[in-house]
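Scroll down for the structure; my scribbles are underneath it.
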Amino acid sequence: MNKDTIKSILLKNQERIPQLPLIRRDVHFEPVGNYVLVGLRRAGKSYILYQHIQQRISDGLSAKEDILYINFEDDRLDIFQLSELDGIIQSYEELYHDRKPVIYLDEIQIIDGWEKFVRRLADTGYQVMVTGSNAKMLSREIATTLGGRFIVRNIYPFSFGEYLRYKGIELDANWALTSQRSQVRSLFTDYFQYGGFAETFNRMDKQEWLNWLCQKIVLGDIIARNEIRSGGIIRLLTKKLAESVMQPTTLTRLTNILKSTGDKVSRNTVTDYLSYMNEAFLVFRLTNYVDSFSERIVNSKHYFCDNGLLNNYLIDPKSKLLENLVAIALKKRYGALDEDNLYYYNKSVEVDFFVPNEKLAIQVSYSLLDYETREREVGALQKLSKAIDLDRMLIITMDEEETIPIGEASIEVIPIWKWLLTD
């Protein structure tokens with residue numbers, strides 16, 4: 001390892017990062033917490049580190065000299081082994097003899113055994129922020145090694161509110177009653193179809209970039225990383241999951257679909273493949289609230305972690321994109337830290353989403369103008385409210401808004417773009 005190169009990188013990052021123009025993202029951290037940031041490729045994990053650095057400097061908690069930032073994908077680095085990581089700390093200490101930095105290690109999954117190093121840093125009193133695209137950073141083994149010293153935070157692509165901020169829209173308190181309402185609705189169309197990856201926002205051909213990203217995730221993060229010999233099966237499975245958004249899918253059905261290609265596929269293999277897709281942050285699953293543990297293993301709904309990725313596989317997308325976007329928002333609000341707080345409900349009545357801790361039930365319907373659709377969606381919530389004590393019932397639509405009384409309670413009908421910003 002060349003310490004002069006390390007020192008040069010550290011100094012340049014101390015000058016560069018505080019000057020970067022950033023759009024504020026709604027991610028909050030404890031002032032002295034240690035974090036591991038994980039998530040989809042290109043979701044903005046490095047960006048969040050930059051924001052954290054700038055915020056600390058702005059708040060007077062750190063000077064730029066207190067920042068130790070290293071990106072392990074920097075081609076100037078020649079660090080490949082765990083034993084060499086101490087050289088980074090030594091290089092900093094040779095620059096600053098009397099300072100203890102906040103340490104930012106970006107894309108550290110490149111170094112095998114990295115978790116032992118960062119735990120030692122935390123044990124010796126350093127504040128550490130780590131990012132990585134490798135889904136194995138969430139494995140039980142690493143969680144055990146890190147103990148309770150780090151909080152794992154999943155970083156998603158831009159929310160709709162963050163997207164509006166990127167576009168220069170800062171919402172007034174009463175935006176829904178002013179001309180901003182039409183601005184919001186107009187900008188929502190692109191976000192709805194192409195998702196929250198910032199690299200698409202100013203591109204003319206957004207679909208081309210999203211197709212490239214899908215290939216990187218499927219080919220690199222799933223097929224290559226897990227040494228899957230039949231890449232065609234993973235591609236087919238991804239397509240079928242996209243087509244099945246909104247509907248529970250059994251392992252048996254997925255296995256039979258994949259067997260139809262002529263490959264020998266077992267249910268255990270399909271289970272593994274679904275796990276790989278989840279670990280790569282391409283999809284996440286929801287289970288039926290009333291199912292037993294064994295039933296939940298074999299029967300789930302699967303949603304994509306960004307609408308742009310889902311849309312890449314769809315022909316008639318609007319209803320699927322609507323429910324998928326609601327699922328993402330609910331996952332971030334209620335299911336990010338506690339997977340036992342977000343479900344769908346299917347027993348004598350089908351309801352799209354159920355949040356037991358909030359006593360919240362949600363149906364998703366593109367429109368309620370059709371009489372039969374309206375009766376079905378309202379009736380489902382009404383029936384569930386008789387079986388389970390509910391504090392709130394919602395129907396999320398594309399554009400319609402009203403309040404529907406049902407006995408002493410009521411159902412709120414709200415457009416998706418308003419719900420994302422006000423709920």
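Labeling convention for the structure tokens: chains A, B, ... as they appear, residues from 1 per chain, ligands from 1 in order of appearance.
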
So which residues touch Asp74 of chain A within 10 Å, counting only C-alpha atoms, skipping near sequence neighbours fewer than 5 positions away, as a VMD selection string?
chain A and resid 9 79 106 to 107

I'd like the neighbourhood of segment 12-15 of chain A as a list in words, where a residue qualifies if any of its atoms comes within 7 Å (using only C-alpha atoms), though same-chain residues fewer than 6 positions away should be ignored.
Lys64, Glu65, Ile67 and Tyr69 of chain A

Export, as a compact mmCIF listing (two decimals), in the first residue's frame, the selected residues with C-alpha atoms.
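Writing done, so here's again.txt:
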# COMPACT_ATOMS: atom_id res chain seq x y z
CA LYS A 64 -13.54 18.99 7.04
CA GLU A 65 -10.31 17.71 8.59
CA ILE A 67 -13.66 13.51 7.69
CA TYR A 69 -13.82 9.18 3.36

Residue neighbourhood Leu384 of chain A, 8 Å, only C-alpha atoms, exclusion window fewer than 3 positions, as a PyMOL selection string
chain A and resi 349+351+380-381+387-388

Generate the output file for the selected residues, N, CA and C atoms, as a compact mmCIF listing (two decimals), in the first residue's frame.
# COMPACT_ATOMS: atom_id res chain seq x y z
N VAL A 349 -62.07 -12.51 2.62
CA VAL A 349 -62.05 -11.21 1.98
C VAL A 349 -60.61 -10.90 1.58
N VAL A 351 -57.83 -8.01 0.84
CA VAL A 351 -57.46 -6.61 0.99
C VAL A 351 -55.97 -6.49 0.64
N ALA A 380 -64.85 -4.84 0.36
CA ALA A 380 -63.74 -5.58 0.98
C ALA A 380 -63.31 -4.92 2.29
N LEU A 381 -63.17 -3.61 2.27
CA LEU A 381 -62.77 -2.91 3.49
C LEU A 381 -63.86 -2.99 4.55
N ALA A 387 -64.38 -7.88 10.85
CA ALA A 387 -63.59 -8.99 11.39
C ALA A 387 -62.44 -8.50 12.27
N ILE A 388 -61.92 -7.31 11.95
CA ILE A 388 -60.75 -6.77 12.65
C ILE A 388 -61.03 -5.31 13.01

Which neighbours of Thr255 of chain A fall inside 7 Å, counting only C-alpha atoms, when residues of the same chain fewer than 4 positions from it are skipped, and could you give them as a PyMOL selection string?
chain A and resi 251+259+265-267+270

Could you save the residues just selected, with N, CA and C atoms, as an mmCIF file, in the first residue's frame?
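File written: result-v7.cif
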data_model
loop_
_atom_site.group_PDB
_atom_site.id
_atom_site.type_symbol
_atom_site.label_atom_id
_atom_site.label_comp_id
_atom_site.auth_asym_id
_atom_site.auth_seq_id
_atom_site.Cartn_x
_atom_site.Cartn_y
_atom_site.Cartn_z
ATOM 1 N N LEU A 251 -45.023 -21.109 -4.683
ATOM 2 C CA LEU A 251 -43.786 -21.729 -5.158
ATOM 3 C C LEU A 251 -44.073 -22.802 -6.199
ATOM 4 N N LYS A 259 -40.188 -25.003 -15.051
ATOM 5 C CA LYS A 259 -40.001 -26.341 -15.615
ATOM 6 C C LYS A 259 -40.437 -26.398 -17.075
ATOM 7 N N VAL A 265 -35.952 -28.014 -12.523
ATOM 8 C CA VAL A 265 -36.018 -27.001 -11.466
ATOM 9 C C VAL A 265 -36.845 -27.554 -10.313
ATOM 10 N N SER A 266 -36.294 -27.483 -9.108
ATOM 11 C CA SER A 266 -37.035 -27.928 -7.928
ATOM 12 C C SER A 266 -37.587 -26.722 -7.173
ATOM 13 N N ARG A 267 -38.493 -27.009 -6.249
ATOM 14 C CA ARG A 267 -39.027 -25.918 -5.429
ATOM 15 C C ARG A 267 -37.929 -25.290 -4.580
ATOM 16 N N VAL A 270 -36.129 -22.781 -6.699
ATOM 17 C CA VAL A 270 -36.912 -21.550 -6.864
ATOM 18 C C VAL A 270 -36.848 -20.713 -5.583
#

Looking only at strand (DSSP E) from DSSP on the backbone, list the matching residues of segment 201-405 of chain A as a ChimeraX atom specification.
/A:249-250,283-287,299-304,343-346,350-355,360-364,392-397,402-405

Selection to disk with C-alpha atoms, as a compact mmCIF listing (two decimals), in the first residue's frame:
# COMPACT_ATOMS: atom_id res chain seq x y z
CA THR A 249 -47.84 -16.49 -6.23
CA THR A 250 -47.12 -19.97 -4.93
CA VAL A 283 -37.86 -7.39 -5.19
CA PHE A 284 -39.38 -7.75 -1.74
CA ARG A 285 -42.20 -9.99 -0.60
CA LEU A 286 -45.34 -9.65 1.48
CA THR A 287 -47.18 -12.52 3.11
CA ASN A 299 -47.26 -18.28 -0.86
CA SER A 300 -46.37 -14.58 -1.19
CA LYS A 301 -46.84 -11.40 -3.13
CA HIS A 302 -43.71 -9.98 -4.74
CA TYR A 303 -43.14 -6.29 -5.46
CA PHE A 304 -40.26 -4.51 -7.17
CA TYR A 343 -49.02 -7.81 5.04
CA TYR A 344 -51.82 -8.41 2.62
CA TYR A 345 -55.02 -9.99 3.94
CA ASN A 346 -56.81 -12.93 2.34
CA GLU A 350 -59.10 -9.89 -0.02
CA VAL A 351 -57.46 -6.61 0.99
CA ASP A 352 -54.29 -5.37 -0.71
CA PHE A 353 -52.40 -4.14 2.36
CA PHE A 354 -52.82 -4.50 6.10
CA VAL A 355 -50.64 -2.82 8.75
CA LEU A 360 -54.66 0.32 8.84
CA ALA A 361 -56.18 -1.38 5.75
CA ILE A 362 -55.59 -0.19 2.19
CA GLN A 363 -57.10 -1.04 -1.15
CA VAL A 364 -55.54 0.13 -4.41
CA ARG A 392 -58.27 3.75 9.28
CA MET A 393 -59.34 2.55 5.83
CA LEU A 394 -57.98 3.90 2.55
CA ILE A 395 -58.58 3.40 -1.14
CA ILE A 396 -55.66 4.80 -3.13
CA THR A 397 -56.50 5.77 -6.72
CA GLU A 402 -63.66 11.59 -1.67
CA THR A 403 -64.83 10.27 1.69
CA ILE A 404 -67.17 7.27 1.72
CA PRO A 405 -69.18 6.80 4.93

Where in segment 19-112 of chain A does DSSP assign helix (DSSP H, G or I), given as JSON, numbers by chain?
{"A": [19, 45, 46, 47, 48, 49, 50, 51, 52, 53, 54, 55, 56, 57, 58, 64, 65, 66, 82, 83, 84, 86, 87, 88, 89, 90, 91, 92, 93, 94, 95, 108, 109, 110]}

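Minimum distance to Tyr126 of chain A across A:Ser91, A:Asn174, A:Asn34, A:Gln183 (counting only C-alpha atoms) occurs at A:Asn34.
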
Residues within 8 Å of Leu37 of chain A, only C-alpha atoms, excluding chain neighbours under 6 positions, as a PDB file with C-alpha atoms, in the first residue's frame:
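The new file selection_23.pdb reads:
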ATOM      1  CA  LYS A  45     -25.851   5.274  -1.034  1.00  0.00           C
ATOM      2  CA  MET A 129     -20.629   4.826   8.177  1.00  0.00           C
ATOM      3  CA  VAL A 130     -20.372   1.989   5.659  1.00  0.00           C
ATOM      4  CA  THR A 131     -22.010   1.386   2.277  1.00  0.00           C
ATOM      5  CA  GLY A 132     -22.075  -1.628   0.023  1.00  0.00           C
ATOM      6  CA  VAL A 152     -28.522  -1.474   8.944  1.00  0.00           C
ATOM      7  CA  ARG A 153     -30.389   1.072   6.809  1.00  0.00           C
ATOM      8  CA  ASN A 154     -31.864   0.249   3.403  1.00  0.00           C
ATOM      9  CA  ILE A 155     -31.459   3.121   0.935  1.00  0.00           C
TER      10      ILE A 155
END

Compile the contact shell of Ile17 of chain A as a ChimeraX atom specification: residues with an atom at most 9 Å away, counting only C-alpha atoms, same-chain residues fewer than 4 positions apart removed.
/A:12-13,21,50-51,53-54

Separation of atom CA of Glu375 of chain A and atom CA of Pro248 of chain A, in Å?
22.0 Å

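Ranking A:Arg25, A:Lys206, A:Arg235, A:His52 by their shortest atom-to-atom distance to Tyr163 of chain A, with only C-alpha atoms included, puts A:Arg25 first.
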
Can you tell me which residues surround Ile23 of chain A at a distance of at most 12 Å, considering only C-alpha atoms, apart from same-chain residues fewer than 6 positions away, and format the answer as an MDAnalysis selection string?
chainID A and resid 44 47:48 50:51 54 158 161:170 198

Restricted to C-alpha atoms, what would the selected residues look like written as a PDB file, in the first residue's frame?
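This went into result07.pdb:
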ATOM      1  CA  GLY A  44     -27.770   6.828  -3.924  1.00  0.00           C
ATOM      2  CA  TYR A  47     -24.851  10.389  -2.058  1.00  0.00           C
ATOM      3  CA  ILE A  48     -26.243   9.811   1.436  1.00  0.00           C
ATOM      4  CA  TYR A  50     -21.934  13.007   1.139  1.00  0.00           C
ATOM      5  CA  GLN A  51     -25.091  14.487   2.636  1.00  0.00           C
ATOM      6  CA  GLN A  54     -22.057  18.119   4.657  1.00  0.00           C
ATOM      7  CA  PHE A 158     -35.756   8.903  -4.622  1.00  0.00           C
ATOM      8  CA  GLY A 161     -41.165  14.203  -2.473  1.00  0.00           C
ATOM      9  CA  GLU A 162     -37.416  14.022  -3.100  1.00  0.00           C
ATOM     10  CA  TYR A 163     -38.058  13.886  -6.843  1.00  0.00           C
ATOM     11  CA  LEU A 164     -40.056  17.127  -6.639  1.00  0.00           C
ATOM     12  CA  ARG A 165     -37.224  18.727  -4.666  1.00  0.00           C
ATOM     13  CA  TYR A 166     -34.827  17.639  -7.421  1.00  0.00           C
ATOM     14  CA  LYS A 167     -37.106  19.363  -9.935  1.00  0.00           C
ATOM     15  CA  GLY A 168     -37.008  22.567  -7.905  1.00  0.00           C
ATOM     16  CA  ILE A 169     -40.448  22.242  -6.311  1.00  0.00           C
ATOM     17  CA  GLU A 170     -40.615  23.094  -2.598  1.00  0.00           C
ATOM     18  CA  ALA A 198     -31.778  10.162 -10.154  1.00  0.00           C
TER      19      ALA A 198
END

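Take atom CA of Leu146 of chain A and atom CA of Leu105 of chain A: the distance between them is 15.0 Å.
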
Using 10 Å as the limit and counting only C-alpha atoms, can you tabulate each residue of segment 54-169 of chain A that touches segment 318-331 of chain A, with its shortest atom-to-atom distance in Å and the two atoms involved, as CSV?
residue,atom,partner,partner_atom,distance
A:Tyr156,CA,A:Ile328,CA,9.1
A:Ser159,CA,A:Ala329,CA,8.2
A:Phe160,CA,A:Ala329,CA,9.7

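Among the candidates A:Leu11, A:Val102, A:Ile416, A:Leu40, the one nearest to Phe197 of chain A when counting only C-alpha atoms is A:Leu40.
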
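If you measure from each of A:Arg41, A:Val290, A:Phe150, A:Leu22 to Gly220 of chain A using only C-alpha atoms, the closest one turns out to be A:Arg41.
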
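Rounded to one decimal, atom CA of Tyr334 of chain A and atom CA of Glu358 of chain A lie 8.9 Å from each other.
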